[in-house]
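Asker: Quick one: this structure, given as structure tokens, is what I'll be asking you about.
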Amino acid sequence: MSDSFDVVVIGAGPAGYPAAIRAGQNKLSVACVDEWKNFDGTYAFGGTCLNAGCIPSKALLESSELFQRAKDEFAVHGIKLGDIKLDLAAMQKRRAAIVKTMTGGITALFKANGVVGIQGHGQLLPGNKVVVTAADGSQRTLQAKNVILASGSTPIRLKTVPHDGKFIVDSWNALEFDAVPARLGVIGAGVIGLELGSVWRRLGSEVTVLEALENFLPMVDQTIAKEAQRHFKKQGLDIKLGAKVLRAEVKGAAVDLVYADAQGEHQLQVDKLVVAVGRRPFTEGLLAEGTGVELDARGFIQVDDHCRTGTTGVWAVGDAVRGPMLAHKGKEEGVMVADLIAGHFGEVNYKVIPSVIYTAPEIAWVGQTEEQVKASGRAYKVGAFPFAASGRARAMEAGQGMAKIVAAKDDDEVLGIHVIGPMAGELIGEAVLAMEYSASTEDIQRTMHAHPTLSEAIHEAALAVDKKAIDSINR
Ligand SMILES: Cc1cc2nc3c(=O)[nH]c(=O)nc-3n(C[C@H](O)[C@H](O)[C@H](O)COP(=O)(O)OP(=O)(O)OC[C@H]3O[C@@H](n4cnc5c(N)ncnc54)[C@H](O)[C@@H]3O)c2cc1C
């Protein structure tokens, strides 16, 4: 096998593997190097997202929601079941099988697109060479015209809350618990903390979420965040805001922790403690001396708007570079870079990146929040539609939440769309497309939406912006 490639990608997560596939589609010779190892010691492509993030978390969110709905909601539909029992081993087996199928799928996609997949650690050397160290310590040097760095991110650990992988754990460990912890502590009420808290709460844990910030979900439109907070409280998630964890230690088979809030210091004992305080770029062992690739003060690889590092022929994408740490953002960057290398057009629209929190109700948004628009000084108008008035949502027994649109007063441009409610993550696709095409609310108003569907909520919210909603009272 030749060791010379047009493109070598380091990292086969959702930023790296699409870059490799698109490079292959562009008829470039390409290798993709990845060192991910699962807890059982086996290599797997797919990075954090497929092995320890997006996919396993969504598998467990789905299973746990079905469990909870079967227990608490089926009776309303006239479905009577006997004693509902949890088989966590089967639930975890399903989660693992989905991950295996998806990561195995990447190997098949690599083959179909002419990508040489290599398992081992990759390090960039000066002169666009990559040295790959395999598990047995053997090394091979690849020469590349272009190198794409897609080394991703890793959970942030707290010194005062020492990780042991058993009692004090990270998000990956928390996806693989083999028993439901009676008392679960979660540090961090961000996306990952709320999703994991929801999974284990639905399966029976008493969940306490400790968040140092006073504001709940500060990055989310605050109308939506307030509504979310109400629902999570009703579900029994004990979310303590302004609660800073000072220290924690494992004592026997439990974790003792101390946190401080405005009232002073408090003690809490839990059976497992998940640290979900964010992620940092992962670049350990990635760059040899003299490559010219720079990191910024927070450890992100420095790139321009087209993901070029300062070194000719070296690019960087995904969680390892600035911008939101989201799989789809990394994917678009990877594809853009592979197209630019091939001499094609490539661009990422950083203003239109959707975000989703897969709780129940789901939360999804794109563009600016009402607070951001207000702060920008631009005159704006707002329309909202409650799912309580949606026939489809009612039929689904999911009439909670709303769709909300923020638009410019002068030219009617849609500035942000925010949804909390059933399938919000799916509904946001329409919002993203609308904003990608610089839609006005009138464009959405004049677009026919099938009835009865959840997407009518977006249509009605657009109508509500001009006080023309049909299915709810205009305010
Ligand atoms: C619990 C959880 C849930 C999440 N849910 C979502 C979600 O629903 N939606 C969403 O958009 N995002 C989600 N994310 C975030 C998402 O997983 C990341 O944004 C995404 O994986 C980043 O992709 P990436 O390719 O940049 O990096 P990664 O997925 O981290 O992949 C990087 C890969 O590079 C490999 N690597 C690193 N250095 C080297 C090296 N030197 N040599 C060889 N290989 C190397 C790593 O082993 C890894 O396989 C979630 C994250 C977590 C933790």
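Residue numbers start at 1 in each chain; chains themselves are named A, B, ... in the order of the structure tokens; ligands are numbered from 1 in the order shown.
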Please write out the residues within 6 Å of ligand 1 as a ChimeraX atom specification, counting only C-alpha atoms and all ligand atoms.
Answerer: /A:10-16,33-36,46-49,53-54,57,120-123,150-153,171,192,285-286,318-320,325-328,330
Asker: I need the strand (DSSP E or B) residues of segment 170-210 of chain A per DSSP on the backbone, written as a ChimeraX atom specification.
Answerer: /A:183-187,206-210
Asker: Go ahead and save the picked residues with N, CA, C and O atoms, as a CSV table (one decimal), in the first residue's frame.
Answerer:
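What landed in again_25.csv:
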```csv
chain,number,residue,atom,x,y,z
A,183,ARG,N,-29.4,7.4,43.7
A,183,ARG,CA,-29.2,8.9,43.8
A,183,ARG,C,-28.1,9.3,42.8
A,183,ARG,O,-27.0,8.8,43.0
A,184,LEU,N,-28.5,10.1,41.9
A,184,LEU,CA,-27.5,10.5,40.9
A,184,LEU,C,-27.3,12.0,41.0
A,184,LEU,O,-28.2,12.8,41.0
A,185,GLY,N,-26.0,12.4,41.1
A,185,GLY,CA,-25.7,13.8,41.0
A,185,GLY,C,-25.1,14.2,39.7
A,185,GLY,O,-24.4,13.3,39.1
A,186,VAL,N,-25.5,15.3,39.1
A,186,VAL,CA,-24.9,15.8,37.9
A,186,VAL,C,-24.4,17.2,38.1
A,186,VAL,O,-25.1,18.0,38.5
A,187,ILE,N,-23.1,17.4,37.7
A,187,ILE,CA,-22.6,18.7,37.8
A,187,ILE,C,-22.6,19.3,36.4
A,187,ILE,O,-22.0,18.8,35.5
A,206,GLU,N,-33.1,9.3,41.7
A,206,GLU,CA,-33.4,10.6,42.2
A,206,GLU,C,-32.2,11.5,41.7
A,206,GLU,O,-31.1,11.2,42.0
A,207,VAL,N,-32.6,12.5,40.9
A,207,VAL,CA,-31.5,13.2,40.2
A,207,VAL,C,-31.4,14.7,40.8
A,207,VAL,O,-32.3,15.4,40.8
A,208,THR,N,-30.1,15.0,41.2
A,208,THR,CA,-29.9,16.4,41.6
A,208,THR,C,-28.9,17.0,40.6
A,208,THR,O,-27.8,16.4,40.4
A,209,VAL,N,-29.2,18.1,39.9
A,209,VAL,CA,-28.3,18.7,39.0
A,209,VAL,C,-27.8,20.0,39.6
A,209,VAL,O,-28.6,20.9,40.0
A,210,LEU,N,-26.5,20.2,39.7
A,210,LEU,CA,-25.9,21.3,40.3
A,210,LEU,C,-25.3,22.2,39.3
A,210,LEU,O,-24.4,21.8,38.5
```
Asker: List as number ranges by chain the protein and nucleic acid residues near Leu217 of chain A, meaning an atom at most 9 Å away when only C-alpha atoms are counted, but skip any in the same chain fewer than 6 places from it.
Answerer: A: 189-191, 225-226, 229
Asker: Kindly indicate which residue among A:Val99, A:Leu203, A:Asn26, A:Val352 lies nearest to Leu86 of chain A, using only C-alpha atoms for the distances.
Answerer: A:Leu203
Asker: Nearest to Phe345 of chain A: which of A:His306, A:Ile118, A:Ile363, A:Val30 is it, counting only C-alpha atoms?
Answerer: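 Using only C-alpha atoms, the shortest distance to Phe345 of chain A belongs to A:His306.
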Asker: Skipping near chain neighbours, those fewer than 5 positions away, what residues fall within 10 Å of segment 424-433 of chain A using only C-alpha atoms, listed as a VMD selection string?
Answerer: chain A and resid 352 to 367 401 to 403 405 414 416 to 419 438 to 439 444 454 to 458
Asker: Could you take the residues named above and write them with N, CA and C atoms, as a compact mmCIF listing (two decimals), in the first residue's frame?
Answerer:
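Dumped to again.txt:
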```
# COMPACT_ATOMS: atom_id res chain seq x y z
N VAL A 352 -26.05 30.07 10.76
CA VAL A 352 -27.25 29.21 10.74
C VAL A 352 -26.85 27.79 11.17
N ILE A 353 -26.54 27.65 12.44
CA ILE A 353 -26.19 26.33 13.00
C ILE A 353 -27.29 25.94 13.99
N PRO A 354 -28.02 24.87 13.71
CA PRO A 354 -29.08 24.49 14.65
C PRO A 354 -28.51 23.83 15.90
N SER A 355 -29.22 23.98 17.00
CA SER A 355 -28.89 23.30 18.26
C SER A 355 -30.12 22.55 18.75
N VAL A 356 -29.90 21.39 19.33
CA VAL A 356 -31.03 20.61 19.85
C VAL A 356 -30.67 20.05 21.22
N ILE A 357 -31.63 20.08 22.14
CA ILE A 357 -31.49 19.37 23.42
C ILE A 357 -32.58 18.30 23.41
N TYR A 358 -32.15 17.04 23.51
CA TYR A 358 -33.08 15.93 23.27
C TYR A 358 -33.78 15.49 24.55
N THR A 359 -34.25 16.46 25.32
CA THR A 359 -35.04 16.14 26.52
C THR A 359 -36.49 15.97 26.08
N ALA A 360 -37.38 15.77 27.03
CA ALA A 360 -38.81 15.77 26.71
C ALA A 360 -39.46 16.83 27.59
N PRO A 361 -40.04 17.90 27.05
CA PRO A 361 -40.07 18.18 25.62
C PRO A 361 -38.68 18.51 25.08
N GLU A 362 -38.54 18.29 23.76
CA GLU A 362 -37.28 18.64 23.10
C GLU A 362 -37.17 20.14 22.95
N ILE A 363 -35.92 20.60 22.85
CA ILE A 363 -35.68 22.04 22.67
C ILE A 363 -34.78 22.18 21.45
N ALA A 364 -35.13 23.10 20.54
CA ALA A 364 -34.28 23.28 19.36
C ALA A 364 -34.37 24.73 18.92
N TRP A 365 -33.27 25.20 18.39
CA TRP A 365 -33.27 26.59 17.95
C TRP A 365 -32.23 26.83 16.87
N VAL A 366 -32.44 27.93 16.14
CA VAL A 366 -31.45 28.37 15.16
C VAL A 366 -31.53 29.89 15.09
N GLY A 367 -30.38 30.52 14.90
CA GLY A 367 -30.36 31.98 14.81
C GLY A 367 -30.33 32.62 16.18
N GLY A 401 -45.38 23.14 25.29
CA GLY A 401 -44.36 23.94 24.62
C GLY A 401 -44.90 24.83 23.53
N MET A 402 -44.01 25.34 22.72
CA MET A 402 -44.39 26.33 21.71
C MET A 402 -43.32 26.44 20.62
N ALA A 403 -43.73 27.06 19.51
CA ALA A 403 -42.75 27.49 18.50
C ALA A 403 -42.77 29.01 18.54
N ILE A 405 -40.98 32.65 16.82
CA ILE A 405 -40.14 33.24 15.76
C ILE A 405 -39.84 34.70 16.11
N VAL A 414 -36.39 36.63 8.99
CA VAL A 414 -36.41 35.75 10.17
C VAL A 414 -35.02 35.79 10.82
N GLY A 416 -34.49 34.40 14.15
CA GLY A 416 -34.30 33.24 15.03
C GLY A 416 -35.59 32.45 15.14
N ILE A 417 -35.46 31.12 15.21
CA ILE A 417 -36.64 30.28 15.43
C ILE A 417 -36.32 29.35 16.59
N HIS A 418 -37.25 29.28 17.54
CA HIS A 418 -37.03 28.58 18.80
C HIS A 418 -38.23 27.67 19.08
N VAL A 419 -37.94 26.41 19.35
CA VAL A 419 -39.04 25.47 19.57
C VAL A 419 -38.78 24.69 20.85
N SER A 438 -32.51 32.98 3.69
CA SER A 438 -32.86 34.33 4.14
C SER A 438 -34.36 34.60 4.03
N ALA A 439 -35.15 33.66 4.51
CA ALA A 439 -36.61 33.81 4.40
C ALA A 439 -37.12 34.95 5.27
N ILE A 444 -42.64 32.12 5.05
CA ILE A 444 -43.14 30.94 5.79
C ILE A 444 -44.67 30.98 5.85
N LEU A 454 -47.05 18.62 13.16
CA LEU A 454 -46.39 19.49 14.14
C LEU A 454 -45.82 20.73 13.46
N SER A 455 -45.45 20.57 12.18
CA SER A 455 -44.81 21.69 11.47
C SER A 455 -45.76 22.87 11.31
N GLU A 456 -47.06 22.63 11.45
CA GLU A 456 -47.99 23.76 11.40
C GLU A 456 -47.70 24.78 12.50
N ALA A 457 -47.03 24.33 13.56
CA ALA A 457 -46.70 25.26 14.66
C ALA A 457 -45.74 26.34 14.15
N ILE A 458 -44.82 25.96 13.26
CA ILE A 458 -43.88 26.94 12.69
C ILE A 458 -44.67 27.91 11.79
```
Asker: So which residues of segment 306-397 of chain A fall under helix (DSSP H, G or I) by DSSP, listed as a ChimeraX atom specification?
Answerer: /A:318-320,327-341,370-376,387-389,391-395
Asker: With distances taken over only C-alpha atoms, which residue among A:Arg140, A:Lys166, A:Arg22, A:Arg279 lies nearest Ala254 of chain A?
Answerer: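 Once distances to Ala254 of chain A are computed over only C-alpha atoms, the minimum belongs to A:Lys166.
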Asker: What's the 7 Å shell around Gln267 of chain A, counting only C-alpha atoms, without same-chain residues fewer than 5 positions away, as a PyMOL selection string?
Answerer: chain A and resi 257-259
Asker: Would you save the residues from that selection as a PDB file, in the first residue's frame, using N, CA and C atoms?
Answerer:
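Writing the result to again.pdb gives the following:
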```pdb
ATOM      1  N   LEU A 257     -20.355  15.083  48.491  1.00  0.00           N
ATOM      2  CA  LEU A 257     -19.917  16.331  47.858  1.00  0.00           C
ATOM      3  C   LEU A 257     -20.383  17.538  48.654  1.00  0.00           C
ATOM      4  N   VAL A 258     -19.645  18.615  48.449  1.00  0.00           N
ATOM      5  CA  VAL A 258     -19.974  19.875  49.120  1.00  0.00           C
ATOM      6  C   VAL A 258     -20.166  20.926  48.026  1.00  0.00           C
ATOM      7  N   TYR A 259     -21.283  21.637  48.117  1.00  0.00           N
ATOM      8  CA  TYR A 259     -21.488  22.737  47.167  1.00  0.00           C
ATOM      9  C   TYR A 259     -21.901  23.989  47.934  1.00  0.00           C
TER      10      TYR A 259
END
```
Asker: Excluding same-chain residues fewer than 4 positions from Leu246 of chain A, what lies within 12 Å of it counting only C-alpha atoms, as number ranges by chain?
Answerer: A: 158-162, 187, 210-212, 256-261, 264-268
Asker: Please, could you write that set of residues out with N, CA, C and O atoms as a CSV table (one decimal), in the first residue's frame?
Answerer:
```
chain,number,residue,atom,x,y,z
A,158,LEU,N,-12.7,18.1,36.7
A,158,LEU,CA,-12.5,19.1,37.8
A,158,LEU,C,-11.5,18.5,38.8
A,158,LEU,O,-11.7,17.4,39.3
A,159,LYS,N,-10.5,19.3,39.2
A,159,LYS,CA,-9.4,18.8,40.1
A,159,LYS,C,-10.0,18.4,41.4
A,159,LYS,O,-9.6,17.4,42.1
A,160,THR,N,-11.0,19.2,41.9
A,160,THR,CA,-11.6,19.0,43.2
A,160,THR,C,-12.6,17.9,43.2
A,160,THR,O,-13.2,17.6,44.3
A,161,VAL,N,-12.9,17.3,42.0
A,161,VAL,CA,-13.9,16.3,41.9
A,161,VAL,C,-13.2,15.1,41.1
A,161,VAL,O,-13.5,14.9,40.0
A,162,PRO,N,-12.3,14.4,41.8
A,162,PRO,CA,-11.4,13.5,41.0
A,162,PRO,C,-12.2,12.3,40.4
A,162,PRO,O,-12.8,11.5,41.1
A,187,ILE,N,-23.1,17.4,37.7
A,187,ILE,CA,-22.6,18.7,37.8
A,187,ILE,C,-22.6,19.3,36.4
A,187,ILE,O,-22.0,18.8,35.5
A,210,LEU,N,-26.5,20.2,39.7
A,210,LEU,CA,-25.9,21.3,40.3
A,210,LEU,C,-25.3,22.2,39.3
A,210,LEU,O,-24.4,21.8,38.5
A,211,GLU,N,-25.7,23.4,39.2
A,211,GLU,CA,-25.3,24.3,38.1
A,211,GLU,C,-24.7,25.6,38.8
A,211,GLU,O,-25.4,26.3,39.5
A,212,ALA,N,-23.5,25.9,38.4
A,212,ALA,CA,-22.8,27.1,39.1
A,212,ALA,C,-23.5,28.4,38.6
A,212,ALA,O,-23.6,29.4,39.4
A,256,ASP,N,-19.5,11.7,48.5
A,256,ASP,CA,-19.9,12.9,49.3
A,256,ASP,C,-19.4,14.1,48.6
A,256,ASP,O,-18.3,14.2,48.3
A,257,LEU,N,-20.4,15.1,48.5
A,257,LEU,CA,-19.9,16.3,47.9
A,257,LEU,C,-20.4,17.5,48.7
A,257,LEU,O,-21.4,17.5,49.4
A,258,VAL,N,-19.6,18.6,48.4
A,258,VAL,CA,-20.0,19.9,49.1
A,258,VAL,C,-20.2,20.9,48.0
A,258,VAL,O,-19.3,21.0,47.1
A,259,TYR,N,-21.3,21.6,48.1
A,259,TYR,CA,-21.5,22.7,47.2
A,259,TYR,C,-21.9,24.0,47.9
A,259,TYR,O,-22.4,23.9,49.1
A,260,ALA,N,-21.7,25.1,47.3
A,260,ALA,CA,-22.0,26.4,47.9
A,260,ALA,C,-23.0,27.1,47.0
A,260,ALA,O,-22.9,27.2,45.8
A,261,ASP,N,-24.0,27.7,47.7
A,261,ASP,CA,-24.9,28.7,47.0
A,261,ASP,C,-25.0,29.9,47.8
A,261,ASP,O,-24.3,30.1,48.8
A,264,GLY,N,-25.0,29.5,51.5
A,264,GLY,CA,-23.9,28.9,52.2
A,264,GLY,C,-23.5,27.6,51.7
A,264,GLY,O,-23.8,27.2,50.6
A,265,GLU,N,-22.7,26.8,52.5
A,265,GLU,CA,-22.3,25.5,52.0
A,265,GLU,C,-23.3,24.4,52.4
A,265,GLU,O,-23.9,24.4,53.4
A,266,HIS,N,-23.4,23.4,51.5
A,266,HIS,CA,-24.3,22.3,51.7
A,266,HIS,C,-23.6,21.0,51.4
A,266,HIS,O,-22.7,21.0,50.6
A,267,GLN,N,-24.0,19.9,52.1
A,267,GLN,CA,-23.5,18.6,51.8
A,267,GLN,C,-24.5,17.8,51.0
A,267,GLN,O,-25.7,17.9,51.3
A,268,LEU,N,-24.0,16.9,50.2
A,268,LEU,CA,-25.0,16.0,49.4
A,268,LEU,C,-24.3,14.7,49.3
A,268,LEU,O,-23.1,14.6,49.0
```
Asker: Which one of A:Ala31, A:Ile148, A:Ala96, A:Leu213 sits closest to Lys240 of chain A if you count only C-alpha atoms?
Answerer: A:Leu213
Asker: So how many Å separate atom CA of Glu214 of chain A and atom CA of Gly188 of chain A, to one decimal?
Answerer: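 Atom-to-atom, atom CA of Glu214 of chain A and atom CA of Gly188 of chain A are spaced 11.7 Å apart.
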Asker: Which residues, written as an mmCIF file with C-alpha atoms, in the first residue's frame, have at least one atom at most 10 Å from Arg308 of chain A, with only C-alpha atoms counted and residues fewer than 5 positions away on the same chain left out?
Answerer:
```
data_model
loop_
_atom_site.group_PDB
_atom_site.id
_atom_site.type_symbol
_atom_site.label_atom_id
_atom_site.label_comp_id
_atom_site.auth_asym_id
_atom_site.auth_seq_id
_atom_site.Cartn_x
_atom_site.Cartn_y
_atom_site.Cartn_z
ATOM 1 C CA ILE A 148 -6.948 17.628 7.968
ATOM 2 C CA VAL A 293 0.167 24.969 13.633
ATOM 3 C CA ILE A 301 -6.366 24.857 16.875
ATOM 4 C CA GLN A 302 -6.283 28.277 15.236
ATOM 5 C CA VAL A 303 -8.030 28.449 11.861
ATOM 6 C CA GLY A 313 -1.843 22.344 3.332
ATOM 7 C CA VAL A 314 -2.857 21.834 6.972
ATOM 8 C CA TRP A 315 -6.514 22.308 7.884
ATOM 9 C CA ALA A 316 -8.467 21.725 11.102
ATOM 10 C CA VAL A 317 -12.171 21.041 11.667
ATOM 11 C CA VAL A 337 -12.361 21.523 3.455
#
```
Asker: To one decimal place, how far is atom CA of Ile98 of chain A from atom CA of Ala179 of chain A in Å?
Answerer: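 Distance between the two atoms: 19.7 Å.
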Asker: In Å, how far is it from atom CA of Ala89 of chain A to atom CA of Asp178 of chain A?
Answerer: 6.8 Å
